[in-house]
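Here is protein-v9.pdb, consisting of PDB, C-alpha atoms:
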ATOM      1  CA  LEU L   3     -76.719  17.092   6.625
ATOM      2  CA  SER L   4     -74.724  13.921   6.962
ATOM      3  CA  ALA L   5     -76.340  11.055   8.846
ATOM      4  CA  ALA L   6     -73.833  11.413  11.694
ATOM      5  CA  MET L   7     -74.404  15.144  12.025
ATOM      6  CA  ALA L   8     -78.174  14.714  11.847
ATOM      7  CA  GLY L   9     -78.081  12.037  14.531
ATOM      8  CA  MET L  10     -75.896  14.150  16.799
ATOM      9  CA  ALA L  11     -78.088  17.214  16.201
ATOM     10  CA  ALA L  12     -81.231  15.247  17.056
ATOM     11  CA  LEU L  13     -79.680  13.987  20.306
ATOM     12  CA  VAL L  14     -78.497  17.470  21.280
ATOM     13  CA  ALA L  15     -81.908  18.888  20.414
ATOM     14  CA  LEU L  16     -83.685  16.278  22.533
ATOM     15  CA  LEU L  17     -81.479  16.894  25.561
ATOM     16  CA  ALA L  18     -81.815  20.639  25.215
ATOM     17  CA  VAL L  19     -85.587  20.404  24.780
ATOM     18  CA  LEU L  20     -85.882  18.400  27.974
ATOM     19  CA  GLU L  21     -83.722  20.880  29.854
ATOM     20  CA  VAL L  22     -85.644  23.928  28.656
ATOM     21  CA  ILE L  23     -89.032  22.330  29.248
ATOM     22  CA  VAL L  24     -88.024  21.661  32.840
ATOM     23  CA  GLN L  25     -86.933  25.300  33.193
ATOM     24  CA  VAL L  26     -90.184  26.567  31.691
ATOM     25  CA  ASP L  27     -92.365  24.301  33.818
ATOM     26  CA  THR L  28     -90.531  25.434  36.934
ATOM     27  CA  ALA L  29     -90.857  29.095  35.981
ATOM     28  CA  SER L  30     -94.613  28.795  35.395
ATOM     29  CA  GLY L  31     -95.184  27.032  38.703
ATOM     30  CA  LYS L  32     -96.476  23.707  37.349
ATOM     31  CA  GLN L  33     -96.515  20.806  39.787
ATOM     32  CA  ASN L  34     -95.607  17.196  39.043
ATOM     33  CA  GLY L  35     -98.604  14.911  38.757
ATOM     34  CA  GLY L  36    -101.439  14.330  36.306
ATOM     35  CA  LEU L  37    -101.277  15.790  32.809
ATOM     36  CA  ASP L  38    -103.735  18.498  31.909
ATOM     37  CA  GLU L  39    -105.220  18.885  28.427
ATOM     38  CA  TYR L  40    -102.415  21.163  27.289
ATOM     39  CA  ASP L  41     -99.793  18.606  28.286
ATOM     40  CA  ARG L  42    -101.688  15.881  26.440
ATOM     41  CA  LYS L  43    -101.738  17.967  23.274
ATOM     42  CA  CYS L  44     -97.995  18.525  23.570
ATOM     43  CA  GLU L  45     -97.504  14.762  23.939
ATOM     44  CA  GLU L  46     -99.612  14.247  20.835
ATOM     45  CA  ILE L  47     -97.237  16.482  18.854
ATOM     46  CA  VAL L  48     -94.297  14.324  19.867
ATOM     47  CA  ALA L  49     -96.197  11.092  19.114
ATOM     48  CA  HIS L  50     -97.253  12.305  15.662
ATOM     49  CA  SER L  51     -93.683  13.394  14.974
ATOM     50  CA  ARG L  52     -92.319   9.978  15.903
ATOM     51  CA  GLN L  53     -94.871   8.237  13.686
ATOM     52  CA  ALA L  54     -94.083  10.592  10.794
ATOM     53  CA  GLY L  55     -90.415   9.643  11.054
ATOM     54  CA  GLN L  56     -91.277   5.942  11.006
ATOM     55  CA  PHE L  57     -93.436   6.396   7.906
ATOM     56  CA  PHE L  58     -90.718   8.410   6.129
ATOM     57  CA  ASN L  59     -88.138   5.740   6.877
ATOM     58  CA  SER L  60     -90.387   3.023   5.435
ATOM     59  CA  GLY L  61     -91.144   5.007   2.261
ATOM     60  CA  ARG L  62     -94.767   5.800   3.139
ATOM     61  CA  GLN L  63     -94.533   9.482   2.258
ATOM     62  CA  ALA L  64     -98.254  10.308   2.132
ATOM     63  CA  GLU L  65     -98.851   8.869   5.594
ATOM     64  CA  ALA L  66     -95.811  10.725   6.913
ATOM     65  CA  HIS L  67     -97.129  14.057   5.643
ATOM     66  CA  LYS L  68    -100.524  13.274   7.199
ATOM     67  CA  LYS L  69     -98.845  12.758  10.574
ATOM     68  CA  LEU L  70     -97.085  16.105  10.250
ATOM     69  CA  GLU L  71    -100.464  17.707   9.601
ATOM     70  CA  ASP L  72    -101.799  15.956  12.708
ATOM     71  CA  ALA L  73     -98.856  17.317  14.700
ATOM     72  CA  GLU L  74     -99.669  20.857  13.596
ATOM     73  CA  ALA L  75    -103.340  20.314  14.469
ATOM     74  CA  SER L  76    -102.329  19.243  17.985
ATOM     75  CA  PHE L  77    -100.084  22.287  18.206
ATOM     76  CA  ARG L  78    -102.936  24.633  17.285
ATOM     77  CA  ALA L  79    -105.143  23.014  19.918
ATOM     78  CA  ALA L  80    -102.426  23.356  22.555
ATOM     79  CA  LYS L  81    -101.799  26.970  21.586
ATOM     80  CA  LYS L  82    -105.492  27.741  21.968
ATOM     81  CA  LEU L  83    -105.476  26.276  25.481
ATOM     82  CA  GLN L  84    -102.264  27.986  26.670
ATOM     83  CA  PRO L  85    -101.188  30.694  24.174
ATOM     84  CA  LYS L  86     -98.339  31.925  26.392
ATOM     85  CA  GLU L  87     -96.784  28.524  27.108
ATOM     86  CA  PRO L  88     -93.691  27.688  24.975
ATOM     87  CA  GLN L  89     -93.687  23.894  25.314
ATOM     88  CA  ALA L  90     -95.958  23.288  22.304
ATOM     89  CA  TYR L  91     -93.857  25.650  20.170
ATOM     90  CA  ILE L  92     -90.693  23.780  21.139
ATOM     91  CA  SER L  93     -92.254  20.437  20.234
ATOM     92  CA  ILE L  94     -93.599  21.541  16.835
ATOM     93  CA  ALA L  95     -90.401  23.421  15.964
ATOM     94  CA  THR L  96     -88.349  20.287  16.689
ATOM     95  CA  THR L  97     -90.812  18.198  14.673
ATOM     96  CA  MET L  98     -90.451  20.436  11.636
ATOM     97  CA  LEU L  99     -86.671  20.550  11.967
ATOM     98  CA  ASN L 100     -86.429  16.748  12.023
ATOM     99  CA  ALA L 101     -88.762  16.574   9.006
ATOM    100  CA  GLN L 102     -86.539  19.098   7.172
ATOM    101  CA  HIS L 103     -89.381  21.636   6.942
ATOM    102  CA  PHE L 104     -86.818  24.257   7.767
ATOM    103  CA  ASP L 105     -88.793  27.461   7.122
ATOM    104  CA  ASP L 106     -91.616  26.256   9.390
ATOM    105  CA  SER L 107     -89.095  25.270  12.045
ATOM    106  CA  VAL L 108     -87.456  28.711  11.978
ATOM    107  CA  ARG L 109     -90.850  30.388  12.306
ATOM    108  CA  TYR L 110     -91.859  28.271  15.297
ATOM    109  CA  TRP L 111     -88.526  28.775  17.072
ATOM    110  CA  ASN L 112     -88.837  32.526  16.598
ATOM    111  CA  GLU L 113     -92.366  32.442  18.031
ATOM    112  CA  ALA L 114     -91.245  30.312  20.978
ATOM    113  CA  ALA L 115     -88.346  32.518  22.061
ATOM    114  CA  PRO L 116     -90.347  35.489  23.474
ATOM    115  CA  LEU L 117     -92.420  33.069  25.574
ATOM    116  CA  MET L 118     -89.379  31.599  27.289
ATOM    117  CA  PRO L 119     -87.418  32.888  30.296
ATOM    118  CA  LYS L 120     -84.819  35.496  29.434
ATOM    119  CA  GLY L 121     -81.231  34.387  29.246
ATOM    120  CA  ARG L 122     -80.100  30.887  28.451
ATOM    121  CA  ALA L 123     -83.505  29.551  27.352
ATOM    122  CA  ARG L 124     -84.090  32.309  24.800
ATOM    123  CA  GLU L 125     -80.529  32.054  23.542
ATOM    124  CA  TRP L 126     -81.026  28.334  23.049
ATOM    125  CA  ALA L 127     -84.221  28.898  21.008
ATOM    126  CA  ALA L 128     -82.449  31.489  18.856
ATOM    127  CA  GLY L 129     -79.629  28.995  18.317
ATOM    128  CA  ARG L 130     -82.085  26.325  17.194
ATOM    129  CA  ALA L 131     -83.581  28.783  14.675
ATOM    130  CA  THR L 132     -80.090  29.437  13.324
ATOM    131  CA  TRP L 133     -79.441  25.701  13.113
ATOM    132  CA  ALA L 134     -82.654  25.284  11.086
ATOM    133  CA  LYS L 135     -81.480  27.975   8.656
ATOM    134  CA  TYR L 136     -78.172  26.173   8.363
ATOM    135  CA  GLY L 137     -79.958  22.880   7.763
ATOM    136  CA  LYS L 138     -81.871  24.339   4.821
ATOM    137  CA  VAL L 139     -78.699  25.534   3.106
ATOM    138  CA  SER L 140     -76.839  22.307   3.951
ATOM    139  CA  THR L 141     -79.541  20.133   2.414
ATOM    140  CA  LYS L 142     -79.386  22.148  -0.803
ATOM    141  CA  ARG L 143     -75.597  21.963  -0.809
ATOM    142  CA  ASP L 144     -75.564  18.195  -0.358
ATOM    143  CA  THR L 145     -77.946  17.797  -3.294
ATOM    144  CA  VAL L 146     -75.958  20.112  -5.554
ATOM    145  CA  TYR L 147     -72.564  18.744  -4.498
ATOM    146  CA  ALA L 148     -73.663  15.112  -4.991
ATOM    147  CA  ASN L 149     -70.567  13.684  -3.276
ATOM    148  CA  GLY L 150     -68.254  15.658  -5.547
ATOM    149  CA  GLN L 151     -69.997  14.629  -8.765
ATOM    150  CA  GLY L 152     -72.379  17.581  -9.024
ATOM    151  CA  ASN L 153     -72.148  21.298  -9.751
ATOM    152  CA  LEU L 154     -69.097  22.414  -7.783
ATOM    153  CA  THR L 155     -69.545  26.094  -8.676
ATOM    154  CA  GLU L 156     -73.066  26.158  -7.232
ATOM    155  CA  ALA L 157     -71.936  24.087  -4.257
ATOM    156  CA  LEU L 158     -69.261  26.682  -3.476
ATOM    157  CA  LYS L 159     -71.907  29.429  -3.451
ATOM    158  CA  LEU L 160     -73.938  27.437  -0.939
ATOM    159  CA  MET L 161     -70.811  26.858   1.172
ATOM    160  CA  GLU L 162     -70.422  30.638   1.305
ATOM    161  CA  GLN L 163     -73.989  30.882   2.618
ATOM    162  CA  GLN L 164     -73.201  28.259   5.245
ATOM    163  CA  LEU L 165     -70.154  30.239   6.342
ATOM    164  CA  GLN L 166     -72.261  33.373   6.658
ATOM    165  CA  ILE L 167     -74.363  31.483   9.221
ATOM    166  CA  PHE L 168     -71.460  29.745  11.015
ATOM    167  CA  PRO L 169     -68.229  31.565  10.073
ATOM    168  CA  ASP L 170     -66.149  29.656  12.648
ATOM    169  CA  PHE L 171     -67.247  26.149  11.641
ATOM    170  CA  PRO L 172     -63.905  24.392  10.857
ATOM    171  CA  SER L 173     -65.352  21.623   8.694
ATOM    172  CA  LEU L 174     -67.052  24.165   6.419
ATOM    173  CA  HIS L 175     -63.727  25.831   5.648
ATOM    174  CA  HIS L 176     -62.189  22.419   4.971
ATOM    175  CA  ASP L 177     -65.088  21.453   2.679
ATOM    176  CA  LYS L 178     -64.723  24.696   0.749
ATOM    177  CA  ALA L 179     -60.973  24.173   0.417
ATOM    178  CA  THR L 180     -61.542  20.648  -0.878
ATOM    179  CA  ALA L 181     -64.033  21.875  -3.481
ATOM    180  CA  LEU L 182     -61.570  24.565  -4.608
ATOM    181  CA  VAL L 183     -58.875  21.919  -5.021
ATOM    182  CA  MET L 184     -61.282  19.884  -7.147
ATOM    183  CA  ILE L 185     -61.844  22.766  -9.584
ATOM    184  CA  SER L 186     -58.201  23.904  -9.576
ATOM    185  CA  ALA L 187     -57.489  21.776 -12.643
ATOM    186  CA  LEU L 188     -59.785  24.118 -14.580
ATOM    187  CA  GLN L 189     -59.137  27.300 -12.576
ATOM    188  CA  GLU L 190     -55.491  27.472 -11.575
ATOM    189  CA  ASP L 191     -55.958  30.818  -9.837
ATOM    190  CA  VAL L 192     -57.969  29.214  -6.998
ATOM    191  CA  THR L 193     -54.992  27.316  -5.504
ATOM    192  CA  ALA L 194     -54.084  30.155  -3.148
ATOM    193  CA  ASP L 195     -57.753  30.431  -2.098
ATOM    194  CA  ALA L 196     -57.820  26.702  -1.352
ATOM    195  CA  LEU L 197     -54.727  26.970   0.827
ATOM    196  CA  GLY L 198     -56.270  29.932   2.606
ATOM    197  CA  GLU L 199     -59.409  27.943   3.389
ATOM    198  CA  PHE L 200     -57.357  24.987   4.650
ATOM    199  CA  GLY L 201     -55.594  27.472   6.904
ATOM    200  CA  GLN L 202     -58.933  28.884   8.100
ATOM    201  CA  ALA L 203     -60.103  25.357   8.926
ATOM    202  CA  GLN L 204     -57.037  24.825  11.064
ATOM    203  CA  GLU L 205     -57.183  28.235  12.743
ATOM    204  CA  THR L 206     -60.859  27.840  13.660
ATOM    205  CA  SER L 207     -60.114  24.310  14.887
ATOM    206  CA  LEU L 208     -57.364  25.787  17.036
ATOM    207  CA  ARG L 209     -59.763  28.323  18.567
ATOM    208  CA  ALA L 210     -62.305  25.614  19.384
ATOM    209  CA  TRP L 211     -59.585  23.387  20.853
ATOM    210  CA  ARG L 212     -58.248  26.270  22.948
ATOM    211  CA  ALA L 213     -61.730  26.906  24.318
ATOM    212  CA  GLY L 214     -61.876  23.269  25.402
ATOM    213  CA  LEU L 215     -58.453  23.481  27.044
ATOM    214  CA  ARG L 216     -59.503  26.588  28.964
ATOM    215  CA  ALA L 217     -62.746  24.950  30.073
ATOM    216  CA  THR L 218     -60.945  21.857  31.402
ATOM    217  CA  GLY L 219     -58.016  23.777  32.860
ATOM    218  CA  ALA L 220     -55.522  21.745  30.781
ATOM    219  CA  SER L 221     -53.560  24.880  29.835
ATOM    220  CA  LYS L 222     -52.841  28.085  31.714
ATOM    221  CA  CYS L 223     -51.680  30.250  28.811
ATOM    222  CA  CYS L 224     -54.054  29.676  25.893
ATOM    223  CA  GLU L 225     -54.937  33.368  25.692
ATOM    224  CA  SER L 226     -51.330  34.369  25.059
ATOM    225  CA  CYS L 227     -49.459  31.310  23.767
ATOM    226  CA  GLY L 228     -49.655  28.616  21.142
ATOM    227  CA  GLY L 229     -50.812  28.470  17.537
ATOM    228  CA  VAL L 230     -50.706  26.350  14.379
ATOM    229  CA  VAL L 231     -47.230  25.050  13.468
ATOM    230  CA  VAL L 232     -46.464  24.163   9.832
ATOM    231  CA  ASP L 233     -42.662  24.533   9.886
ATOM    232  CA  TRP L 234     -41.528  22.338  12.796
ATOM    233  CA  PRO L 235     -37.759  22.961  12.417
ATOM    234  CA  GLY L 236     -38.321  26.709  12.101
ATOM    235  CA  HIS L 237     -40.574  26.654  15.134
ATOM    236  CA  LEU L 238     -37.872  24.902  17.186
ATOM    237  CA  ALA L 239     -35.092  27.151  15.861
ATOM    238  CA  GLY L 240     -37.117  30.219  16.841
ATOM    239  CA  GLY L 241     -37.104  29.143  20.463
ATOM    240  CA  ARG L 242     -40.842  28.422  20.584
ATOM    241  CA  GLY L 243     -40.485  24.648  20.916
ATOM    242  CA  GLY L 244     -42.932  23.995  23.727
ATOM    243  CA  GLY L 245     -43.350  20.228  23.719
ATOM    244  CA  LEU L 246     -41.138  19.895  20.610
ATOM    245  CA  ALA L 247     -37.696  18.983  21.956
ATOM    246  CA  ALA L 248     -35.622  18.021  18.884
ATOM    247  CA  VAL L 249     -35.653  17.667  15.086
ATOM    248  CA  ASP L 250     -33.205  15.224  13.453
ATOM    249  CA  TRP L 251     -32.909  15.454   9.655
ATOM    250  CA  VAL L 252     -33.098  12.217   7.655
ATOM    251  CA  VAL L 253     -33.065  13.875   4.191
ATOM    252  CA  ASP L 254     -31.177  17.080   3.389
ATOM    253  CA  PRO L 255     -33.696  19.969   3.633
ATOM    254  CA  ALA L 256     -32.144  21.541   0.528
ATOM    255  CA  ASP L 257     -33.490  18.625  -1.545
ATOM    256  CA  GLY L 258     -37.118  19.509  -0.929
ATOM    257  CA  GLN L 259     -39.580  20.277  -3.734
ATOM    258  CA  ARG L 260     -42.547  22.583  -3.164
ATOM    259  CA  TYR L 261     -46.040  22.088  -4.593
ATOM    260  CA  GLY L 262     -49.254  24.111  -4.511
ATOM    261  CA  CYS L 263     -47.541  27.490  -4.250
ATOM    262  CA  SER L 264     -47.018  29.483  -7.412
ATOM    263  CA  ALA L 265     -47.582  33.020  -6.121
ATOM    264  CA  ALA L 266     -44.747  35.096  -4.702
ATOM    265  CA  GLY L 267     -44.769  35.340  -0.930
ATOM    266  CA  CYS L 268     -46.535  32.046  -0.241
ATOM    267  CA  GLU L 269     -43.399  30.002   0.355
ATOM    268  CA  ASP L 270     -44.583  28.886   3.772
ATOM    269  CA  GLU L 271     -48.008  27.750   2.583
ATOM    270  CA  GLY L 272     -47.365  25.029  -0.011
ATOM    271  CA  PHE L 273     -46.760  21.318   0.312
ATOM    272  CA  LEU L 274     -43.045  20.514   0.612
ATOM    273  CA  ASP L 275     -42.031  17.046  -0.487
ATOM    274  CA  GLY L 276     -38.651  15.383  -0.195
ATOM    275  CA  ARG L 277     -37.631  16.715   3.247
ATOM    276  CA  ALA L 278     -37.717  14.233   6.083
ATOM    277  CA  PHE L 279     -36.929  14.488   9.776
ATOM    278  CA  VAL L 280     -37.676  12.751  13.013
ATOM    279  CA  ALA L 281     -39.208  14.971  15.698
ATOM    280  CA  ARG L 282     -39.019  14.234  19.370
ATOM    281  CA  PHE L 283     -41.467  15.698  21.878
ATOM    282  CA  GLU L 284     -41.049  16.010  25.608
ATOM    283  CA  GLY L 285     -42.847  13.129  27.262
ATOM    284  CA  SER L 286     -44.278  10.134  25.427
ATOM    285  CA  VAL L 287     -47.006  10.492  22.839
ATOM    286  CA  GLY L 288     -50.262   9.954  24.654
ATOM    287  CA  GLY L 289     -48.688  11.083  27.904
ATOM    288  CA  PRO L 290     -49.412  14.301  29.795
ATOM    289  CA  GLY L 291     -49.706  17.278  27.486
ATOM    290  CA  ILE L 292     -48.813  15.520  24.186
ATOM    291  CA  ALA L 293     -51.326  13.667  21.993
ATOM    292  CA  ILE L 294     -52.042  12.559  18.428
ATOM    293  CA  ALA L 295     -55.419  13.566  16.998
ATOM    294  CA  GLY L 296     -57.385  13.024  13.814
ATOM    295  CA  GLY L 297     -56.914  10.803  10.806
ATOM    296  CA  ASP L 298     -54.027  12.957   9.566
ATOM    297  CA  GLY L 299     -52.024  12.522  12.766
ATOM    298  CA  LEU L 300     -51.861  16.060  14.150
ATOM    299  CA  ILE L 301     -49.663  16.493  17.230
ATOM    300  CA  LEU L 302     -51.299  18.383  20.079
ATOM    301  CA  ASP L 303     -49.210  20.133  22.700
ATOM    302  CA  GLU L 304     -51.881  20.871  25.273
ATOM    303  CA  ALA L 305     -49.685  22.642  27.805
ATOM    304  CA  GLY L 306     -48.427  25.137  25.223
ATOM    305  CA  CYS L 307     -51.585  25.270  23.061
ATOM    306  CA  TRP L 308     -49.589  24.316  19.934
ATOM    307  CA  LEU L 309     -51.172  22.424  17.052
ATOM    308  CA  PHE L 310     -48.446  20.732  14.970
ATOM    309  CA  LEU L 311     -49.518  19.901  11.417
ATOM    310  CA  PRO L 312     -48.002  16.810   9.732
ATOM    311  CA  SER L 313     -45.911  16.810   6.558
ATOM    312  CA  SER L 314     -48.926  17.616   4.380
ATOM    313  CA  GLY L 315     -48.947  21.060   6.002
ATOM    314  CA  ARG L 316     -51.907  23.233   5.107
ATOM    315  CA  TRP L 317     -53.598  20.312   3.363
ATOM    316  CA  ALA L 318     -54.011  18.476   6.677
ATOM    317  CA  GLN L 319     -57.508  18.002   8.038
ATOM    318  CA  GLY L 320     -57.663  20.018  11.229
ATOM    319  CA  ALA L 321     -61.440  20.160  11.530
ATOM    320  CA  ARG L 322     -61.988  16.700  13.054
TER     321      ARG L 322
END
Any chance you could give the structure as structure tokens?
Amino acid sequence: LSAAMAGMAALVALLAVLEVIVQVDTASGKQNGGLDEYDRKCEEIVAHSRQAGQFFNSGRQAEAHKKLEDAEASFRAAKKLQPKEPQAYISIATTMLNAQHFDDSVRYWNEAAPLMPKGRAREWAAGRATWAKYGKVSTKRDTVYANGQGNLTEALKLMEQQLQIFPDFPSLHHDKATALVMISALQEDVTADALGEFGQAQETSLRAWRAGLRATGASKCCESCGGVVVDWPGHLAGGRGGGLAAVDWVVDPADGQRYGCSAAGCEDEGFLDGRAFVARFEGSVGGPGIAIAGGDGLILDEAGCWLFLPSSGRWAQGAR
């Protein structure tokens, strides 16, 4: 996992843990006030976990492992006191996830779930178990991939495993497409697969973006309108302009040269160089309904749920 993703995951985990613990305490009828022995043991798990992280960060591996053992000892003591309370399971599962002991984390999350209230709390625990499984595969992939300098064939296999866990994760499709591009010099037949994965990254990004628009009420038609736009002039000519109001050609479109598309029937998928136009959208960029997003400069038409890709077409990064 990248440092940014790990940091975000830890923050989300902490917030969710606090929320679920409050729900569990309320459900079991605990009152605010002094801590009983069970609560103290749960606090010990968290304290040992924090110390283990500090030791790991300072290179004191043996002491870090000892603190993880202490955390598990506190967990066993807490479990003996209150075998049907989930708080200790949540704490030790989070500890093992942060320490990248993924199999142990999965086991503890699975043991915690039946002890939690039905509904949102159990779904959350199941989600954390899935995230731990994903973390195990991701750590292996990062090691094998080695920032593009490792075994790309093995890395692609691990990316497939990641996609089996989270099939709608846009950045995974983009990562797979990038790896396919990197090996295309040796395997020319993977170009179409790479373009397909870039497209999947953009389509899954579109679905996630639409969900956000629905949740905020920014669009009224996301279930029936919108999509990913690669061919801006064709989109406008087809009467589906939405926020796209005009396209003015700067270079004759007949002078374009297409790359990355050697198979018949993929004329709309490749990278087309040499054509240039100026597009005008209704309203100013950054104004209501129209925005620029991402490092590749995607145009978002929020009212119409359209995602306009820049000149790089299917190669554009739509996952961020």
Notebook entry, point to check: Leu309 in chain L: which residues within 6 Å, counting all atoms listed in the file, same-chain residues fewer than 3 positions away excluded, as a list of chain:residue names?
Noted result: L:Val230, L:Val231, L:Leu302
List the spatial neighbours of Ile185 in chain L as a PDB file with C-alpha atoms, keeping the file's coordinate frame - criterion: any atom at most 10 Å away, only C-alpha atoms, same-chain residues fewer than 6 positions off excluded.
ATOM      1  CA  LEU L 154     -69.097  22.414  -7.783  1.00  0.00           C
ATOM      2  CA  THR L 155     -69.545  26.094  -8.676  1.00  0.00           C
ATOM      3  CA  ASP L 191     -55.958  30.818  -9.837  1.00  0.00           C
ATOM      4  CA  VAL L 192     -57.969  29.214  -6.998  1.00  0.00           C
ATOM      5  CA  THR L 193     -54.992  27.316  -5.504  1.00  0.00           C
ATOM      6  CA  ALA L 196     -57.820  26.702  -1.352  1.00  0.00           C
TER       7      ALA L 196
END
Next item on the list: Find the distance between CA of Pro235 in chain L and CA of Trp211 in chain L and write it in Å to one decimal.
Entry: 23.4 Å
Note to self: Applying 12 Å and all atoms listed in the file, which residues near range 48-59 of chain L remain after dropping the ones on its own chain fewer than 4 positions away? List them as a ChimeraX atom specification.
What the structure shows: /L:16,19,41-44,63-77,89-102
Margin query: Report as a PyMOL selection string all protein, DNA and RNA residues lying within 7 Å of range 166-176 of chain L, evaluated on all atoms listed in the file, omitting residues in the same chain fewer than 6 positions from it.
Written below: chain L and resi 136+199-200+202-204+206-207+321
Checklist line | Distance criterion (only C-alpha atoms): nearest to Ile47 in chain L out of L:Asp105, L:Ser186, L:Ala80, L:Ser60 | finding: L:Ala80
Checklist line | the PyMOL selection byres ((chain L and resi 248) around 6) applied to the shown file, residues as a PyMOL selection string | finding: chain L and resi 247+249+281-282
Item checked: Expansion of the PyMOL selection byres ((chain L and resi 305) around 12) into residues, as a ChimeraX atom specification -> /L:212,215-216,218-224,227-229,243-246,284-285,289-293,302-304,306-309
Next item on the list: Take the point (-58.4, 22.5, -5.5) as written in the file and pick out every residue within 10 Å of it, counting only C-alpha atoms; give the list as an NGL selection string.
Entry: :L and (178-197 or 262)
Checklist line | From L:Tyr40, L:His103, L:Arg62, L:Glu162, residue lying nearest Leu83 in chain L [all atoms listed in the file] | finding: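 The answer is L:Tyr40, which sits nearest to Leu83 in chain L.
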